[in-house]
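Participant: Below is input-v9.txt; it holds compact mmCIF, C-alpha atoms.
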# COMPACT_ATOMS: atom_id res chain seq x y z
CA MET A 189 -186.67 -124.31 3.41
CA LYS A 190 -188.07 -122.11 0.65
CA THR A 191 -190.70 -122.46 -2.04
CA ARG A 192 -190.90 -120.66 -5.39
CA LEU A 193 -193.80 -118.43 -6.45
CA GLY A 194 -192.61 -117.61 -9.97
CA PRO A 195 -192.04 -114.06 -11.26
CA LYS A 196 -194.62 -111.97 -9.39
CA GLU A 197 -195.13 -108.24 -8.71
CA ILE A 198 -194.77 -108.56 -4.99
CA LEU A 199 -193.00 -106.32 -2.50
CA PHE A 200 -193.71 -105.37 1.11
CA PRO A 201 -193.99 -103.42 3.30
CA VAL A 202 -194.74 -100.37 1.12
CA PRO A 203 -196.68 -97.14 1.68
CA ALA A 204 -200.32 -97.12 0.68
CA ALA A 205 -199.64 -93.66 -0.73
CA LEU A 206 -202.54 -91.51 -1.85
CA VAL A 207 -201.52 -89.72 -5.01
CA ALA A 208 -203.50 -86.57 -5.67
CA SER A 209 -203.70 -85.15 -9.17
CA GLY A 210 -205.59 -82.38 -10.95
CA THR A 211 -206.39 -79.02 -9.39
CA MET A 212 -208.02 -77.51 -6.29
CA GLU A 213 -211.20 -77.08 -8.32
CA ARG A 214 -211.28 -80.66 -9.59
CA PRO A 215 -208.88 -82.82 -7.60
CA ASN A 216 -208.52 -86.57 -7.95
CA VAL A 217 -206.97 -89.13 -5.62
CA ALA A 218 -205.84 -92.74 -6.01
CA PRO A 219 -203.71 -95.13 -3.96
CA VAL A 220 -200.31 -95.94 -5.45
CA ALA A 221 -198.27 -98.61 -3.69
CA TRP A 222 -195.70 -98.63 -6.47
CA VAL A 223 -193.59 -95.77 -5.24
CA GLY A 224 -189.95 -95.34 -4.27
CA MET A 225 -187.30 -92.70 -3.62
CA MET A 226 -184.95 -92.53 -6.59
CA GLY A 227 -182.63 -89.54 -6.27
CA SER A 228 -181.33 -86.70 -4.13
CA SER A 229 -179.82 -83.24 -4.72
CA PRO A 230 -182.58 -82.41 -5.60
CA PRO A 231 -184.75 -85.23 -4.22
CA VAL A 232 -186.71 -87.31 -6.72
CA LEU A 233 -189.28 -90.06 -6.24
CA ALA A 234 -190.96 -92.32 -8.76
CA ILE A 235 -194.50 -93.65 -8.87
CA SER A 236 -195.67 -96.19 -11.40
CA LEU A 237 -199.15 -96.25 -12.91
CA LYS A 238 -200.97 -98.52 -15.32
CA LYS A 239 -201.34 -96.81 -18.67
CA THR A 240 -205.12 -96.79 -18.40
CA ARG A 241 -205.36 -94.89 -15.12
CA TYR A 242 -207.14 -91.55 -14.88
CA THR A 243 -204.45 -90.33 -12.46
CA LEU A 244 -201.86 -90.75 -15.22
CA GLU A 245 -204.00 -88.67 -17.56
CA LEU A 246 -204.25 -85.86 -14.99
CA ILE A 247 -200.56 -85.98 -14.08
CA ARG A 248 -199.67 -85.69 -17.75
CA GLU A 249 -202.03 -82.73 -18.12
CA TYR A 250 -200.75 -80.70 -15.16
CA ARG A 251 -197.20 -82.13 -14.85
CA GLN A 252 -197.63 -82.14 -11.07
CA PHE A 253 -198.86 -84.47 -8.34
CA THR A 254 -198.75 -84.88 -4.57
CA VAL A 255 -197.99 -87.98 -2.51
CA ASN A 256 -199.96 -88.14 0.73
CA ILE A 257 -199.29 -90.74 3.43
CA PRO A 258 -202.59 -91.74 5.06
CA PRO A 259 -202.94 -92.80 8.67
CA ALA A 260 -203.83 -96.44 9.32
CA GLU A 261 -207.39 -95.53 10.33
CA LYS A 262 -208.12 -94.38 6.76
CA PHE A 263 -207.61 -97.80 5.15
CA VAL A 264 -211.26 -98.02 4.12
CA GLU A 265 -211.07 -94.66 2.34
CA VAL A 266 -207.77 -95.65 0.70
CA ASP A 267 -209.29 -98.85 -0.59
CA TYR A 268 -212.37 -97.06 -1.86
CA CYS A 269 -210.10 -94.73 -3.83
CA GLY A 270 -208.48 -97.81 -5.36
CA ILE A 271 -211.67 -99.53 -6.48
CA THR A 272 -213.32 -96.35 -7.81
CA SER A 273 -212.34 -94.26 -10.82
CA GLY A 274 -212.08 -90.49 -10.56
CA ARG A 275 -213.45 -90.34 -14.09
CA HIS A 276 -216.89 -90.97 -12.65
CA ARG A 277 -216.79 -90.04 -8.97
CA ASP A 278 -215.54 -87.16 -6.84
CA LYS A 279 -213.48 -89.27 -4.46
CA PHE A 280 -212.54 -86.30 -2.26
CA ALA A 281 -216.24 -85.82 -1.58
CA ASP A 282 -216.99 -89.51 -1.20
CA CYS A 283 -214.19 -89.94 1.36
CA ALA A 284 -214.70 -86.57 3.09
CA PHE A 285 -211.12 -85.63 2.24
CA THR A 286 -210.18 -81.95 2.39
CA ALA A 287 -208.11 -80.60 -0.50
CA ILE A 288 -205.77 -77.91 0.79
CA ARG A 289 -203.44 -75.71 -1.16
CA GLY A 290 -199.77 -76.71 -1.24
CA GLU A 291 -196.86 -74.31 -1.53
CA LYS A 292 -195.32 -75.13 -4.87
CA VAL A 293 -197.85 -76.95 -7.04
CA GLN A 294 -201.46 -76.34 -7.98
CA THR A 295 -202.46 -79.95 -7.23
CA PRO A 296 -203.77 -80.01 -3.64
CA ILE A 297 -202.46 -81.97 -0.69
CA ILE A 298 -204.85 -83.93 1.54
CA GLU A 299 -205.46 -82.48 4.98
CA GLU A 300 -206.43 -85.85 6.50
CA CYS A 301 -203.04 -87.32 5.57
CA PRO A 302 -200.42 -86.27 8.15
CA PHE A 303 -197.51 -86.32 5.67
CA ASN A 304 -197.54 -84.78 2.18
CA ILE A 305 -195.05 -84.41 -0.65
CA GLU A 306 -195.41 -81.95 -3.55
CA CYS A 307 -193.86 -83.10 -6.82
CA ALA A 308 -193.25 -81.75 -10.32
CA VAL A 309 -192.85 -84.27 -13.14
CA ILE A 310 -189.31 -84.33 -14.52
CA ARG A 311 -189.41 -87.53 -16.55
CA GLU A 312 -191.53 -90.49 -17.52
CA LEU A 313 -190.43 -93.94 -18.54
CA GLU A 314 -192.42 -96.77 -20.11
CA VAL A 315 -192.02 -100.02 -18.14
CA ASN A 316 -194.04 -102.66 -19.97
CA ASP A 317 -197.70 -101.90 -19.23
CA HIS A 318 -196.90 -99.17 -16.71
CA ILE A 319 -195.55 -95.65 -16.87
CA ALA A 320 -193.01 -94.71 -14.22
CA ILE A 321 -193.31 -91.02 -13.40
CA PHE A 322 -190.29 -89.34 -11.83
CA GLY A 323 -191.24 -86.37 -9.70
CA GLU A 324 -188.87 -83.84 -8.19
CA ILE A 325 -189.87 -83.20 -4.59
CA LEU A 326 -190.48 -79.46 -4.23
CA GLU A 327 -191.94 -79.35 -0.73
CA VAL A 328 -192.80 -81.64 2.17
CA HIS A 329 -195.49 -81.04 4.80
CA VAL A 330 -196.20 -82.70 8.11
CA ASP A 331 -198.89 -82.10 10.73
CA VAL A 332 -197.44 -79.78 13.39
CA ASP A 333 -198.66 -82.01 16.22
CA LYS A 334 -196.69 -84.97 14.82
CA ILE A 335 -193.22 -83.43 14.74
CA ASP A 336 -190.88 -82.08 17.37
CA GLY A 337 -188.88 -79.24 15.85
CA THR A 338 -188.24 -78.74 12.15
CA SER A 339 -185.92 -81.63 11.23
CA PRO A 340 -187.31 -84.84 9.68
CA LYS A 341 -185.67 -86.67 12.60
CA GLY A 342 -188.30 -85.05 14.81
CA ILE A 343 -191.20 -86.73 13.02
CA ASP A 344 -193.08 -88.99 15.42
CA ILE A 345 -193.95 -92.10 13.38
CA GLY A 346 -196.08 -93.44 16.21
CA LYS A 347 -198.29 -90.34 16.05
CA ILE A 348 -198.44 -90.43 12.25
CA ASP A 349 -199.38 -94.14 12.39
CA PRO A 350 -198.80 -94.58 8.64
CA LEU A 351 -200.80 -97.15 6.73
CA VAL A 352 -198.69 -100.08 5.47
CA TYR A 353 -199.53 -102.09 2.37
CA CYS A 354 -198.41 -105.49 1.14
CA THR A 355 -198.64 -105.77 -2.66
CA ALA A 356 -199.90 -109.05 -4.18
CA ILE A 357 -200.92 -110.26 -0.71
CA ARG A 358 -203.41 -107.39 -0.89
CA GLU A 359 -203.50 -106.55 2.79
CA TYR A 360 -203.50 -103.31 4.77
CA TRP A 361 -201.47 -103.32 7.98
CA SER A 362 -200.61 -100.86 10.71
CA ILE A 363 -197.07 -100.12 11.78
CA GLY A 364 -195.86 -101.75 14.99
CA LYS A 365 -193.16 -100.49 17.33
CA LYS A 366 -189.83 -98.76 16.96
CA LEU A 367 -186.89 -101.16 17.06
CA GLY A 368 -183.90 -98.87 16.72
CA ASP A 369 -182.12 -96.08 14.90
CA SER A 370 -180.27 -96.55 11.65
CA PHE A 371 -176.61 -95.62 11.31
CA ASP A 372 -176.45 -96.63 14.96
CA ALA A 373 -177.92 -100.08 15.74
CA GLY A 374 -175.31 -101.86 13.61
CA ARG A 375 -172.41 -100.61 15.70
CA ARG A 376 -173.00 -103.55 18.03
CA ILE A 377 -171.78 -105.91 15.32
CA ARG A 378 -168.88 -103.67 14.36
CA ASP A 379 -167.76 -103.66 17.96
CA ARG A 380 -167.82 -107.46 17.92
CA VAL A 381 -166.22 -108.23 14.55
CA GLY A 382 -163.90 -105.24 14.33
CA SER A 383 -163.27 -103.14 11.26
CA GLY A 384 -160.14 -104.73 9.81
CA ARG A 385 -160.04 -105.06 6.03
CA ARG A 386 -160.57 -108.48 4.53
CA PRO A 387 -157.77 -110.04 2.50
CA GLY A 388 -157.50 -108.56 -0.97
CA SER A 389 -159.44 -105.40 -0.17
CA MET B 292 -202.33 -77.50 10.82
CA LYS B 293 -199.21 -78.36 8.84
CA THR B 294 -195.59 -77.27 8.80
CA ARG B 295 -193.13 -77.32 5.91
CA LEU B 296 -189.86 -79.25 5.91
CA GLY B 297 -188.56 -78.14 2.50
CA PRO B 298 -187.63 -80.53 -0.32
CA LYS B 299 -186.38 -83.64 1.49
CA GLU B 300 -185.76 -87.29 0.53
CA ILE B 301 -188.33 -88.69 2.88
CA LEU B 302 -190.82 -91.49 2.42
CA PHE B 303 -192.26 -94.09 4.77
CA PRO B 304 -193.02 -96.86 5.47
CA VAL B 305 -190.63 -98.62 3.10
CA PRO B 306 -188.91 -102.02 3.12
CA ALA B 307 -185.45 -102.19 4.64
CA ALA B 308 -184.57 -104.45 1.71
CA LEU B 309 -181.26 -106.28 1.71
CA VAL B 310 -179.88 -106.21 -1.82
CA ALA B 311 -177.41 -108.99 -2.51
CA SER B 312 -174.92 -108.65 -5.35
CA GLY B 313 -171.92 -110.55 -6.66
CA THR B 314 -171.67 -114.33 -6.71
CA MET B 315 -171.99 -117.35 -4.41
CA GLU B 316 -168.20 -117.31 -4.06
CA ARG B 317 -167.99 -113.61 -3.15
CA PRO B 318 -171.41 -112.25 -2.29
CA ASN B 319 -172.10 -108.77 -1.00
CA VAL B 320 -175.14 -107.35 0.78
CA ALA B 321 -176.40 -103.84 1.53
CA PRO B 322 -179.68 -102.35 2.71
CA VAL B 323 -181.59 -100.39 0.06
CA ALA B 324 -184.69 -98.55 1.23
CA TRP B 325 -185.05 -96.80 -2.12
CA VAL B 326 -186.96 -99.52 -3.91
CA GLY B 327 -190.32 -99.71 -5.64
CA MET B 328 -192.36 -101.88 -8.01
CA MET B 329 -192.37 -100.26 -11.44
CA GLY B 330 -193.91 -102.64 -14.00
CA SER B 331 -195.73 -105.88 -14.67
CA SER B 332 -195.97 -108.37 -17.57
CA PRO B 333 -193.16 -109.14 -16.87
CA PRO B 334 -192.73 -107.69 -13.37
CA VAL B 335 -190.06 -105.05 -12.88
CA LEU B 336 -188.79 -103.31 -9.78
CA ALA B 337 -186.34 -100.45 -9.37
CA ILE B 338 -183.72 -99.84 -6.72
CA SER B 339 -181.73 -96.65 -6.49
CA LEU B 340 -178.11 -96.48 -5.40
CA LYS B 341 -175.61 -93.70 -4.84
CA LYS B 342 -173.03 -93.71 -7.60
CA THR B 343 -170.21 -94.48 -5.17
CA ARG B 344 -171.68 -97.69 -3.73
CA TYR B 345 -169.88 -101.02 -4.07
CA THR B 346 -173.24 -102.74 -4.65
CA LEU B 347 -173.68 -100.66 -7.81
CA GLU B 348 -170.27 -101.76 -9.04
CA LEU B 349 -171.13 -105.44 -8.51
CA ILE B 350 -174.59 -105.14 -10.05
CA ARG B 351 -173.05 -103.54 -13.12
CA GLU B 352 -170.48 -106.33 -13.33
CA TYR B 353 -172.92 -109.25 -13.07
CA ARG B 354 -176.13 -107.58 -14.35
CA GLN B 355 -178.04 -109.38 -11.60
CA PHE B 356 -179.10 -108.82 -8.00
CA THR B 357 -181.49 -110.17 -5.40
CA VAL B 358 -183.84 -108.30 -3.07
CA ASN B 359 -184.26 -109.97 0.31
CA ILE B 360 -186.83 -108.85 2.87
CA PRO B 361 -185.39 -109.27 6.37
CA PRO B 362 -187.44 -110.08 9.44
CA ALA B 363 -187.75 -107.36 12.08
CA GLU B 364 -185.40 -109.22 14.45
CA LYS B 365 -182.51 -108.69 12.01
CA PHE B 366 -182.52 -104.88 12.22
CA VAL B 367 -179.07 -104.82 13.84
CA GLU B 368 -177.60 -106.90 11.00
CA VAL B 369 -179.37 -104.73 8.42
CA ASP B 370 -177.95 -101.60 9.95
CA TYR B 371 -174.47 -103.08 10.14
CA CYS B 372 -174.69 -103.82 6.41
CA GLY B 373 -175.57 -100.16 5.87
CA ILE B 374 -172.67 -98.69 7.83
CA THR B 375 -170.06 -101.11 6.47
CA SER B 376 -168.68 -101.38 2.95
CA GLY B 377 -168.42 -104.74 1.22
CA ARG B 378 -165.22 -103.49 -0.34
CA HIS B 379 -163.47 -104.16 2.94
CA ARG B 380 -165.58 -106.65 4.89
CA ASP B 381 -167.38 -109.94 4.19
CA LYS B 382 -170.76 -108.86 5.49
CA PHE B 383 -172.31 -112.31 5.00
CA ALA B 384 -169.73 -113.67 7.44
CA ASP B 385 -169.98 -110.74 9.85
CA CYS B 386 -173.80 -111.10 10.04
CA ALA B 387 -173.86 -114.91 9.91
CA PHE B 388 -176.01 -114.74 6.79
CA THR B 389 -176.21 -117.85 4.63
CA ALA B 390 -175.89 -117.35 0.88
CA ILE B 391 -178.05 -119.89 -0.92
CA ARG B 392 -178.34 -120.52 -4.63
CA GLY B 393 -181.34 -119.01 -6.37
CA GLU B 394 -183.05 -120.48 -9.42
CA LYS B 395 -182.39 -117.96 -12.16
CA VAL B 396 -179.42 -115.80 -11.23
CA GLN B 397 -175.91 -116.49 -9.96
CA THR B 398 -176.19 -113.87 -7.20
CA PRO B 399 -177.30 -115.69 -4.04
CA ILE B 400 -180.42 -115.13 -1.98
CA ILE B 401 -180.21 -114.84 1.80
CA GLU B 402 -181.56 -117.80 3.75
CA GLU B 403 -182.26 -115.73 6.89
CA CYS B 404 -184.61 -113.44 4.93
CA PRO B 405 -188.02 -115.11 4.57
CA PHE B 406 -188.83 -113.44 1.23
CA ASN B 407 -186.47 -113.18 -1.74
CA ILE B 408 -186.67 -111.78 -5.26
CA GLU B 409 -184.25 -112.63 -8.07
CA CYS B 410 -183.71 -109.86 -10.62
CA ALA B 411 -181.86 -109.32 -13.89
CA VAL B 412 -180.93 -105.77 -14.82
CA ILE B 413 -182.88 -104.47 -17.82
CA ARG B 414 -182.11 -100.78 -17.61
CA GLU B 415 -180.38 -98.11 -15.62
CA LEU B 416 -181.19 -94.44 -15.35
CA GLU B 417 -179.17 -91.58 -13.88
CA VAL B 418 -181.20 -89.60 -11.33
CA ASN B 419 -178.96 -86.80 -10.10
CA ASP B 420 -176.41 -88.40 -7.78
CA HIS B 421 -178.08 -91.81 -7.86
CA ILE B 422 -178.45 -94.58 -10.41
CA ALA B 423 -181.88 -96.19 -10.62
CA ILE B 424 -181.51 -99.85 -11.60
CA PHE B 425 -184.55 -101.52 -13.16
CA GLY B 426 -184.58 -105.26 -12.58
CA GLU B 427 -186.92 -107.76 -14.16
CA ILE B 428 -188.18 -110.14 -11.50
CA LEU B 429 -187.29 -113.66 -12.62
CA GLU B 430 -188.22 -115.63 -9.51
CA VAL B 431 -189.66 -115.11 -6.04
CA HIS B 432 -189.02 -117.30 -2.99
CA VAL B 433 -190.73 -117.49 0.38
CA ASP B 434 -190.07 -119.67 3.42
CA VAL B 435 -192.42 -122.68 3.24
CA ASP B 436 -193.53 -122.25 6.85
CA LYS B 437 -194.73 -118.69 6.13
CA ILE B 438 -197.15 -119.40 3.28
CA ASP B 439 -200.34 -121.41 3.00
CA GLY B 440 -200.53 -122.88 -0.51
CA THR B 441 -198.72 -121.49 -3.55
CA SER B 442 -200.48 -118.15 -4.19
CA PRO B 443 -198.99 -114.87 -2.90
CA LYS B 444 -202.34 -114.35 -1.12
CA GLY B 445 -201.31 -117.23 1.14
CA ILE B 446 -198.25 -115.42 2.48
CA ASP B 447 -198.57 -114.85 6.22
CA ILE B 448 -197.20 -111.36 6.84
CA GLY B 449 -197.44 -111.86 10.59
CA LYS B 450 -195.09 -114.85 10.37
CA ILE B 451 -192.71 -113.04 8.00
CA ASP B 452 -192.69 -110.04 10.37
CA PRO B 453 -190.97 -107.82 7.77
CA LEU B 454 -188.69 -105.03 8.90
CA VAL B 455 -190.08 -101.55 8.17
CA TYR B 456 -187.91 -98.50 7.57
CA CYS B 457 -188.61 -94.78 7.66
CA THR B 458 -186.21 -92.83 5.44
CA ALA B 459 -184.87 -89.48 6.71
CA ILE B 460 -186.34 -90.20 10.14
CA ARG B 461 -183.80 -93.03 10.20
CA GLU B 462 -185.80 -95.48 12.28
CA TYR B 463 -186.44 -99.21 12.07
CA TRP B 464 -189.94 -100.35 12.95
CA SER B 465 -191.84 -103.60 13.12
CA ILE B 466 -195.13 -104.17 11.36
CA GLY B 467 -198.28 -104.01 13.49
CA LYS B 468 -201.57 -105.75 12.83
CA LYS B 469 -203.69 -106.54 9.79
CA LEU B 470 -206.43 -103.99 9.21
CA GLY B 471 -208.21 -105.34 6.15
CA ASP B 472 -208.04 -106.64 2.60
CA SER B 473 -207.63 -104.41 -0.42
CA PHE B 474 -210.16 -104.47 -3.26
CA ASP B 475 -212.62 -105.24 -0.50
CA ALA B 476 -212.52 -102.84 2.48
CA GLY B 477 -213.59 -99.87 0.35
CA ARG B 478 -216.90 -101.45 -0.60
CA ARG B 479 -218.32 -100.04 2.63
CA ILE B 480 -218.04 -96.55 1.22
CA ARG B 481 -219.36 -97.56 -2.18
CA ASP B 482 -222.40 -99.07 -0.48
CA ARG B 483 -222.98 -95.75 1.28
CA VAL B 484 -222.34 -93.24 -1.52
CA GLY B 485 -223.54 -95.34 -4.44
CA SER B 486 -221.84 -95.66 -7.80
CA GLY B 487 -223.71 -93.10 -9.88
CA ARG B 488 -221.58 -91.04 -12.26
CA ARG B 489 -220.83 -87.47 -11.36
CA PRO B 490 -222.09 -84.71 -13.65
CA GLY B 491 -220.01 -84.35 -16.78
CA SER B 492 -218.38 -87.78 -16.56
I'd like the structure from this file rewritten - as structure tokens, please.
Facilitator:
Amino acid sequence: MKTRLGPKEILFPVPAALVASGTMERPNVAPVAWVGMMGSSPPVLAISLKKTRYTLELIREYRQFTVNIPPAEKFVEVDYCGITSGRHRDKFADCAFTAIRGEKVQTPIIEECPFNIECAVIRELEVNDHIAIFGEILEVHVDVDKIDGTSPKGIDIGKIDPLVYCTAIREYWSIGKKLGDSFDAGRRIRDRVGSGRRPGS
Amino acid sequence: MKTRLGPKEILFPVPAALVASGTMERPNVAPVAWVGMMGSSPPVLAISLKKTRYTLELIREYRQFTVNIPPAEKFVEVDYCGITSGRHRDKFADCAFTAIRGEKVQTPIIEECPFNIECAVIRELEVNDHIAIFGEILEVHVDVDKIDGTSPKGIDIGKIDPLVYCTAIREYWSIGKKLGDSFDAGRRIRDRVGSGRRPGS
């Protein structure tokens, strides 16, 4: 039995991503839950920002940004960055975040976030009262003590403990436990139902 | 101390969203982790699909799709839908999913998913080897036993128990515990640092 909520901007679970903008000398940071992977070869992600946001102004100025995945324990800092404008406050200082130099862009990554993505703007698109920014991923960083080897498969999500956000419901959550591997778990059903083609296919 | 992984399509935590396409008579379903909110007034989300996917073909044919958030316990079904093409199999039947009629679009929503979003395509954008589909959200549904009242704030994430996915790492996770409320938790820092403007702002 379901009930209707009307057309709402609601999606979960999403990253409570900290988007850094600006430069090492004057960095800014703001949480952006409206983020998604959009392309590969080369990889591209999109973030979407209200037209009035200072982060948008800085991204347009430098044509670069970084996406930093905070650990669950930083939810208070993340929220502070969301309720405070970088126009008036140095949020790196207020949150005791350390801006460190990335490899490919002049916008810093955040040391206290165990996973970091450097992006260069390749396109922007107006979506009603928001601007969707498409960023080509130029480099990805992870804390050395949270990965085994050099493949993304070696990333230990339990050690990263990424913060989870639920839009509209406005709640921060932690991640729970690993359930299974993709491109693998579903074989159980294939073994049961078989892989014959349905009629007409 | 950080290590570099190179430019990779990697983002977490994201929804392991089940995108339904087609019609009540011949519905299809596939997991799409590349999804993000992109606009409001009216609300818009984007999903991104490889050009070869059957789901893309059906979405282009009907100009509609639904996004269904599965509970953690359905990770095997979700993965099966990812490793199997709807060109050849009836994945609703194979997974024992029930297609139910939505309010605004002819593509069904999935009864076994506690949260459902009906979308109409408003735009598509080529992003390298993917197509980003922008869908205006026309209606949102939630199981009545997982919400208190009629506001999104009343949604009980613990009862929904949404499946979490980590792209590139290729792992399904459950959600953990609630840490705090947004637009609220960060006040602790504001109380400590004050709200004076920084020099030059």
Participant: For Glu300 of chain A, which residue out of A:His318, A:Lys262, A:Arg375, A:Arg275 is the nearest one, using only C-alpha atoms?
Facilitator: A:Lys262
Participant: Should the cut-off be 6 Å, what would the residue list for chain A against chain B look like, counting only C-alpha atoms, as number ranges by chain?
Facilitator: A: 189-195, 197, 201-203, 222-227, 231, 236, 264, 267-268, 276-277, 315-316, 318, 325-332, 340-341, 357-370, 373-374, 385-386, 389
Participant: Counting all atoms listed in the file, what is within 7 Å of Pro296 of chain A, bar same-chain residues fewer than 5 positions away, as an MDAnalysis selection string?
Facilitator: chainID A and resid 208 211:212 287:290
Participant: How big is the axis-aligned box around the listed atoms of segment 360-376 of chain A once 6 Å is added on each side, and where is its centre? Give both in Å to one decimal, as lines of an AutoDock Vina configuration file.
Facilitator:
center_x = -188.0
center_y = -99.6
center_z = 11.4
size_x = 43.1
size_y = 19.9
size_z = 25.3
Participant: If you measure from atom CA of Ile298 of chain A to atom CA of Thr243 of chain A, what distance in Å do you get, rounded to one decimal?
Facilitator: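 Taking atom CA of Ile298 of chain A and atom CA of Thr243 of chain A, their separation equals 15.4 Å.
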Participant: Provide the atom CA of Pro318 of chain B to atom CA of Phe383 of chain B distance in Å, to one decimal place.
Facilitator: 7.3 Å
Participant: How far is it from atom CA of Cys301 of chain A to atom CA of Ala218 of chain A, in Å with one decimal?
Facilitator: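 Separating atom CA of Cys301 of chain A from atom CA of Ala218 of chain A is a distance of 13.1 Å.
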Participant: Between A:Thr254, A:Thr240, A:Asn216, A:Ile348, which one has atoms that come closest to Ile297 of chain A, using only C-alpha atoms?
Facilitator: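 Of all the options, A:Thr254 lies closest to Ile297 of chain A.
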